[in-house]
$ cat target_31.pdb   # PDB, C-alpha atoms
ATOM      1  CA  MET A 143     121.267  90.251 110.585  1.00  0.00           C
ATOM      2  CA  ALA A 144     123.229  92.147 113.189  1.00  0.00           C
ATOM      3  CA  VAL A 145     123.436  95.901 113.503  1.00  0.00           C
ATOM      4  CA  GLY A 146     125.870  97.087 116.135  1.00  0.00           C
ATOM      5  CA  GLY A 147     125.871  93.627 117.708  1.00  0.00           C
ATOM      6  CA  ASP A 148     122.075  93.486 118.075  1.00  0.00           C
ATOM      7  CA  LEU A 149     119.993  90.879 116.349  1.00  0.00           C
ATOM      8  CA  VAL A 150     117.313  92.681 114.360  1.00  0.00           C
ATOM      9  CA  GLY A 151     115.621  89.790 112.634  1.00  0.00           C
ATOM     10  CA  ILE A 152     115.602  86.203 111.562  1.00  0.00           C
ATOM     11  CA  GLN A 153     114.062  84.604 108.517  1.00  0.00           C
ATOM     12  CA  PHE A 154     113.005  81.014 107.970  1.00  0.00           C
ATOM     13  CA  GLY A 155     112.141  79.392 104.692  1.00  0.00           C
ATOM     14  CA  VAL A 156     111.659  76.155 102.863  1.00  0.00           C
ATOM     15  CA  LEU A 157     114.231  74.865 100.392  1.00  0.00           C
ATOM     16  CA  THR A 158     113.172  74.333  96.812  1.00  0.00           C
ATOM     17  CA  ASP A 159     113.305  70.874  95.220  1.00  0.00           C
ATOM     18  CA  GLU A 160     116.378  71.940  93.272  1.00  0.00           C
ATOM     19  CA  GLN A 161     118.170  73.202  96.399  1.00  0.00           C
ATOM     20  CA  ILE A 162     117.422  69.956  98.230  1.00  0.00           C
ATOM     21  CA  ARG A 163     118.764  67.871  95.349  1.00  0.00           C
ATOM     22  CA  ASN A 164     121.909  70.013  95.145  1.00  0.00           C
ATOM     23  CA  LEU A 165     122.599  69.608  98.885  1.00  0.00           C
ATOM     24  CA  ALA A 166     121.817  65.891  99.000  1.00  0.00           C
ATOM     25  CA  VAL A 167     124.534  63.267  99.120  1.00  0.00           C
ATOM     26  CA  VAL A 168     122.152  60.396  98.355  1.00  0.00           C
ATOM     27  CA  GLU A 169     118.712  59.688  96.932  1.00  0.00           C
ATOM     28  CA  VAL A 170     116.715  57.006  98.738  1.00  0.00           C
ATOM     29  CA  THR A 171     115.612  54.571  96.042  1.00  0.00           C
ATOM     30  CA  GLU A 172     115.408  51.339  98.066  1.00  0.00           C
ATOM     31  CA  SER A 173     113.103  50.375 100.924  1.00  0.00           C
ATOM     32  CA  THR A 174     115.427  47.647 102.189  1.00  0.00           C
ATOM     33  CA  LEU A 175     117.469  48.547 105.269  1.00  0.00           C
ATOM     34  CA  HIS A 176     120.183  45.867 105.139  1.00  0.00           C
ATOM     35  CA  THR A 177     121.834  43.484 102.718  1.00  0.00           C
ATOM     36  CA  LYS A 178     123.875  40.715 104.342  1.00  0.00           C
ATOM     37  CA  GLY A 179     124.138  42.701 107.581  1.00  0.00           C
ATOM     38  CA  GLN A 180     125.354  45.876 105.847  1.00  0.00           C
ATOM     39  CA  PRO A 181     123.311  49.069 105.351  1.00  0.00           C
ATOM     40  CA  LYS A 182     121.746  48.923 101.868  1.00  0.00           C
ATOM     41  CA  ALA A 183     123.129  51.488  99.386  1.00  0.00           C
ATOM     42  CA  GLY A 184     120.282  53.786  98.358  1.00  0.00           C
ATOM     43  CA  GLY A 185     118.256  52.698 101.388  1.00  0.00           C
ATOM     44  CA  PRO A 186     117.021  54.743 104.357  1.00  0.00           C
ATOM     45  CA  ILE A 187     120.152  53.949 106.405  1.00  0.00           C
ATOM     46  CA  ASP A 188     122.709  54.262 103.581  1.00  0.00           C
ATOM     47  CA  THR A 189     126.029  55.102 105.248  1.00  0.00           C
ATOM     48  CA  ARG A 190     126.377  58.186 103.025  1.00  0.00           C
ATOM     49  CA  PHE A 191     123.817  59.823 105.370  1.00  0.00           C
ATOM     50  CA  GLY A 192     126.189  59.207 108.248  1.00  0.00           C
ATOM     51  CA  THR A 193     126.215  56.356 110.708  1.00  0.00           C
ATOM     52  CA  CYS A 194     124.546  55.611 114.007  1.00  0.00           C
ATOM     53  CA  SER A 195     126.700  52.570 114.660  1.00  0.00           C
ATOM     54  CA  ARG A 196     130.200  52.366 116.064  1.00  0.00           C
ATOM     55  CA  PHE A 197     130.832  49.506 113.626  1.00  0.00           C
ATOM     56  CA  PHE A 198     130.630  51.714 110.516  1.00  0.00           C
ATOM     57  CA  VAL A 199     132.137  55.006 109.368  1.00  0.00           C
ATOM     58  CA  CYS A 200     130.298  57.606 107.337  1.00  0.00           C
ATOM     59  CA  ALA A 201     130.748  56.932 103.618  1.00  0.00           C
ATOM     60  CA  THR A 202     130.619  60.680 102.875  1.00  0.00           C
ATOM     61  CA  CYS A 203     133.022  62.274 105.370  1.00  0.00           C
ATOM     62  CA  LYS A 204     134.716  59.089 106.658  1.00  0.00           C
ATOM     63  CA  ASN A 205     134.100  60.144 110.287  1.00  0.00           C
ATOM     64  CA  SER A 206     132.891  57.931 113.121  1.00  0.00           C
ATOM     65  CA  VAL A 207     129.493  58.003 114.758  1.00  0.00           C
ATOM     66  CA  LEU A 208     130.918  60.481 117.302  1.00  0.00           C
ATOM     67  CA  SER A 209     132.135  63.094 114.838  1.00  0.00           C
ATOM     68  CA  CYS A 210     129.961  62.795 111.709  1.00  0.00           C
ATOM     69  CA  PRO A 211     127.382  65.599 111.613  1.00  0.00           C
ATOM     70  CA  GLY A 212     125.054  63.648 109.287  1.00  0.00           C
ATOM     71  CA  HIS A 213     124.349  64.459 105.649  1.00  0.00           C
ATOM     72  CA  PRO A 214     121.130  65.298 103.772  1.00  0.00           C
ATOM     73  CA  GLY A 215     119.358  63.175 101.214  1.00  0.00           C
ATOM     74  CA  PHE A 216     115.971  62.971  99.581  1.00  0.00           C
ATOM     75  CA  ILE A 217     113.205  60.649  98.476  1.00  0.00           C
ATOM     76  CA  ASP A 218     111.541  61.378  95.153  1.00  0.00           C
ATOM     77  CA  LEU A 219     107.844  60.792  95.894  1.00  0.00           C
ATOM     78  CA  PRO A 220     105.266  60.119  93.158  1.00  0.00           C
ATOM     79  CA  TYR A 221     103.021  62.964  94.332  1.00  0.00           C
ATOM     80  CA  PRO A 222     103.283  65.890  96.788  1.00  0.00           C
ATOM     81  CA  ILE A 223     102.986  65.086 100.494  1.00  0.00           C
ATOM     82  CA  PRO A 224     102.494  68.014 102.909  1.00  0.00           C
ATOM     83  CA  HIS A 225     105.119  68.254 105.629  1.00  0.00           C
ATOM     84  CA  VAL A 226     103.548  67.496 109.007  1.00  0.00           C
ATOM     85  CA  ALA A 227     104.860  70.792 110.439  1.00  0.00           C
ATOM     86  CA  PHE A 228     102.951  72.758 107.788  1.00  0.00           C
ATOM     87  CA  VAL A 229      99.597  70.926 107.935  1.00  0.00           C
ATOM     88  CA  GLN A 230      98.036  73.321 110.455  1.00  0.00           C
ATOM     89  CA  TYR A 231      99.015  76.338 108.331  1.00  0.00           C
ATOM     90  CA  LEU A 232      97.819  74.661 105.137  1.00  0.00           C
ATOM     91  CA  THR A 233      94.467  73.853 106.797  1.00  0.00           C
ATOM     92  CA  ARG A 234      94.089  77.457 107.988  1.00  0.00           C
ATOM     93  CA  PHE A 235      94.955  78.781 104.533  1.00  0.00           C
ATOM     94  CA  LEU A 236      92.480  76.480 102.787  1.00  0.00           C
ATOM     95  CA  ASN A 237      89.691  77.409 105.222  1.00  0.00           C
ATOM     96  CA  VAL A 238      89.991  81.058 104.160  1.00  0.00           C
ATOM     97  CA  PHE A 239      88.446  80.186 100.807  1.00  0.00           C
TER      98      PHE A 239
END

$ encode --input "target_31.pdb" --output "structure tokens"
Amino acid sequence: MAVGGDLVGIQFGVLTDEQIRNLAVVEVTESTLHTKGQPKAGGPIDTRFGTCSRFFVCATCKNSVLSCPGHPGFIDLPYPIPHVAFVQYLTRFLNVF
């Protein structure tokens, strides 16, 4: 938020499950990386995420490795896993009780 050109604050947050799913271009449903030398669709290196190889283009924006910004996805886990960046805060919070 800027008032007269000065930054007066910044706010960080965590996206909800619904927001993540709405932003995602792919759900990771496969653990296999490659099939016959090609990135596996639905796998962790699905080309819809973008590409890190000069031999492939991004399946989402059709850009090369040099110009694709990368695209979000998600993995639907069977139970909640705390994000490593939040573990210290979660531990502090739980120690209050």

$ residues_around --input "target_31.pdb" --residues "stretch 166-175 of chain A" --least-positions-apart "6" --cutoff "7 Å" --atoms "only C-alpha atoms" --output "ChimeraX atom specification"
/A:181-182,184-187,190,213-217

$ residues_around --input "target_31.pdb" --residues "A:Cys194" --least-positions-apart "5" --cutoff "10 Å" --atoms "only C-alpha atoms" --output "NGL selection string"
:A and (187 or 189 or 199-200 or 206-208 or 210 or 212)

$ axis_aligned_box --input "target_31.pdb" --around "stretch 212-231 of chain A" --padding-each-side "3 Å" --output "JSON"
{"center_x": 111.5, "center_y": 68.2, "center_z": 101.8, "size_x": 33.0, "size_y": 22.2, "size_z": 23.3}

$ closest_residue --input "target_31.pdb" --among "A:Ala183, A:Val150, A:Arg234, A:Pro224" --to "A:Ala201" --atoms "all atoms listed in the file"
A:Ala183

$ atom_distance --input "target_31.pdb" --atom1 "atom CA of A:Arg163" --atom2 "atom CA of A:Asn205"
22.8 Å

$ closest_residue --input "target_31.pdb" --among "A:Ile223, A:Gly147, A:Phe191, A:Leu232" --to "A:Lys204" --atoms "only C-alpha atoms"
A:Phe191

$ build_atoms --input "target_31.pdb" --residues "stretch 175-186 of chain A" --atoms "all heavy atoms" --output "PDB file, in the coordinates of the input"
ATOM      1  N   LEU A 175     116.507  47.948 104.342  1.00  0.00           N
ATOM      2  CA  LEU A 175     117.469  48.547 105.269  1.00  0.00           C
ATOM      3  C   LEU A 175     118.844  47.914 105.165  1.00  0.00           C
ATOM      4  O   LEU A 175     119.848  48.619 105.158  1.00  0.00           O
ATOM      5  CB  LEU A 175     116.964  48.420 106.718  1.00  0.00           C
ATOM      6  CG  LEU A 175     115.670  49.143 107.060  1.00  0.00           C
ATOM      7  CD1 LEU A 175     115.317  48.888 108.520  1.00  0.00           C
ATOM      8  CD2 LEU A 175     115.792  50.619 106.787  1.00  0.00           C
ATOM      9  N   HIS A 176     118.903  46.579 105.114  1.00  0.00           N
ATOM     10  CA  HIS A 176     120.183  45.867 105.139  1.00  0.00           C
ATOM     11  C   HIS A 176     120.283  44.846 104.017  1.00  0.00           C
ATOM     12  O   HIS A 176     119.281  44.317 103.558  1.00  0.00           O
ATOM     13  CB  HIS A 176     120.348  45.099 106.460  1.00  0.00           C
ATOM     14  CG  HIS A 176     120.409  45.971 107.652  1.00  0.00           C
ATOM     15  ND1 HIS A 176     119.301  46.243 108.416  1.00  0.00           N
ATOM     16  CD2 HIS A 176     121.437  46.625 108.228  1.00  0.00           C
ATOM     17  CE1 HIS A 176     119.660  47.037 109.418  1.00  0.00           C
ATOM     18  NE2 HIS A 176     120.944  47.279 109.318  1.00  0.00           N
ATOM     19  N   THR A 177     121.509  44.594 103.604  1.00  0.00           N
ATOM     20  CA  THR A 177     121.834  43.484 102.718  1.00  0.00           C
ATOM     21  C   THR A 177     123.022  42.765 103.333  1.00  0.00           C
ATOM     22  O   THR A 177     124.086  43.371 103.503  1.00  0.00           O
ATOM     23  CB  THR A 177     122.207  43.987 101.306  1.00  0.00           C
ATOM     24  OG1 THR A 177     121.096  44.702 100.770  1.00  0.00           O
ATOM     25  CG2 THR A 177     122.563  42.845 100.391  1.00  0.00           C
ATOM     26  N   LYS A 178     122.819  41.521 103.711  1.00  0.00           N
ATOM     27  CA  LYS A 178     123.875  40.715 104.342  1.00  0.00           C
ATOM     28  C   LYS A 178     124.500  41.423 105.545  1.00  0.00           C
ATOM     29  O   LYS A 178     125.719  41.458 105.716  1.00  0.00           O
ATOM     30  CB  LYS A 178     124.943  40.335 103.325  1.00  0.00           C
ATOM     31  CG  LYS A 178     124.415  39.484 102.181  1.00  0.00           C
ATOM     32  CD  LYS A 178     125.494  39.165 101.185  1.00  0.00           C
ATOM     33  CE  LYS A 178     124.901  38.370 100.027  1.00  0.00           C
ATOM     34  NZ  LYS A 178     125.862  38.132  98.963  1.00  0.00           N
ATOM     35  N   GLY A 179     123.662  42.048 106.363  1.00  0.00           N
ATOM     36  CA  GLY A 179     124.138  42.701 107.581  1.00  0.00           C
ATOM     37  C   GLY A 179     124.740  44.086 107.383  1.00  0.00           C
ATOM     38  O   GLY A 179     125.153  44.717 108.337  1.00  0.00           O
ATOM     39  N   GLN A 180     124.797  44.549 106.154  1.00  0.00           N
ATOM     40  CA  GLN A 180     125.354  45.876 105.847  1.00  0.00           C
ATOM     41  C   GLN A 180     124.222  46.826 105.452  1.00  0.00           C
ATOM     42  O   GLN A 180     123.262  46.396 104.819  1.00  0.00           O
ATOM     43  CB  GLN A 180     126.340  45.786 104.669  1.00  0.00           C
ATOM     44  CG  GLN A 180     127.502  44.850 104.899  1.00  0.00           C
ATOM     45  CD  GLN A 180     128.463  45.373 105.942  1.00  0.00           C
ATOM     46  OE1 GLN A 180     128.791  46.539 105.975  1.00  0.00           O
ATOM     47  NE2 GLN A 180     128.897  44.495 106.829  1.00  0.00           N
ATOM     48  N   PRO A 181     124.329  48.120 105.796  1.00  0.00           N
ATOM     49  CA  PRO A 181     123.311  49.069 105.351  1.00  0.00           C
ATOM     50  C   PRO A 181     123.202  49.063 103.821  1.00  0.00           C
ATOM     51  O   PRO A 181     124.214  49.094 103.116  1.00  0.00           O
ATOM     52  CB  PRO A 181     123.825  50.413 105.861  1.00  0.00           C
ATOM     53  CG  PRO A 181     124.670  50.060 107.043  1.00  0.00           C
ATOM     54  CD  PRO A 181     125.317  48.744 106.671  1.00  0.00           C
ATOM     55  N   LYS A 182     121.993  49.001 103.307  1.00  0.00           N
ATOM     56  CA  LYS A 182     121.746  48.923 101.868  1.00  0.00           C
ATOM     57  C   LYS A 182     122.030  50.271 101.206  1.00  0.00           C
ATOM     58  O   LYS A 182     121.527  51.309 101.628  1.00  0.00           O
ATOM     59  CB  LYS A 182     120.293  48.511 101.625  1.00  0.00           C
ATOM     60  CG  LYS A 182     119.851  48.510 100.194  1.00  0.00           C
ATOM     61  CD  LYS A 182     120.275  47.266  99.503  1.00  0.00           C
ATOM     62  CE  LYS A 182     119.619  47.218  98.121  1.00  0.00           C
ATOM     63  NZ  LYS A 182     120.146  46.179  97.303  1.00  0.00           N
ATOM     64  N   ALA A 183     122.856  50.262 100.150  1.00  0.00           N
ATOM     65  CA  ALA A 183     123.129  51.488  99.386  1.00  0.00           C
ATOM     66  C   ALA A 183     121.827  51.955  98.746  1.00  0.00           C
ATOM     67  O   ALA A 183     121.096  51.167  98.150  1.00  0.00           O
ATOM     68  CB  ALA A 183     124.177  51.215  98.318  1.00  0.00           C
ATOM     69  N   GLY A 184     121.519  53.232  98.890  1.00  0.00           N
ATOM     70  CA  GLY A 184     120.282  53.786  98.358  1.00  0.00           C
ATOM     71  C   GLY A 184     119.093  53.573  99.271  1.00  0.00           C
ATOM     72  O   GLY A 184     117.984  53.993  98.969  1.00  0.00           O
ATOM     73  N   GLY A 185     119.324  52.945 100.420  1.00  0.00           N
ATOM     74  CA  GLY A 185     118.256  52.698 101.388  1.00  0.00           C
ATOM     75  C   GLY A 185     118.198  53.784 102.447  1.00  0.00           C
ATOM     76  O   GLY A 185     119.041  54.690 102.481  1.00  0.00           O
ATOM     77  N   PRO A 186     117.197  53.704 103.326  1.00  0.00           N
ATOM     78  CA  PRO A 186     117.021  54.743 104.357  1.00  0.00           C
ATOM     79  C   PRO A 186     118.170  54.880 105.350  1.00  0.00           C
ATOM     80  O   PRO A 186     118.305  55.918 105.987  1.00  0.00           O
ATOM     81  CB  PRO A 186     115.756  54.301 105.096  1.00  0.00           C
ATOM     82  CG  PRO A 186     115.094  53.310 104.231  1.00  0.00           C
ATOM     83  CD  PRO A 186     116.134  52.717 103.345  1.00  0.00           C
TER      84      PRO A 186
END
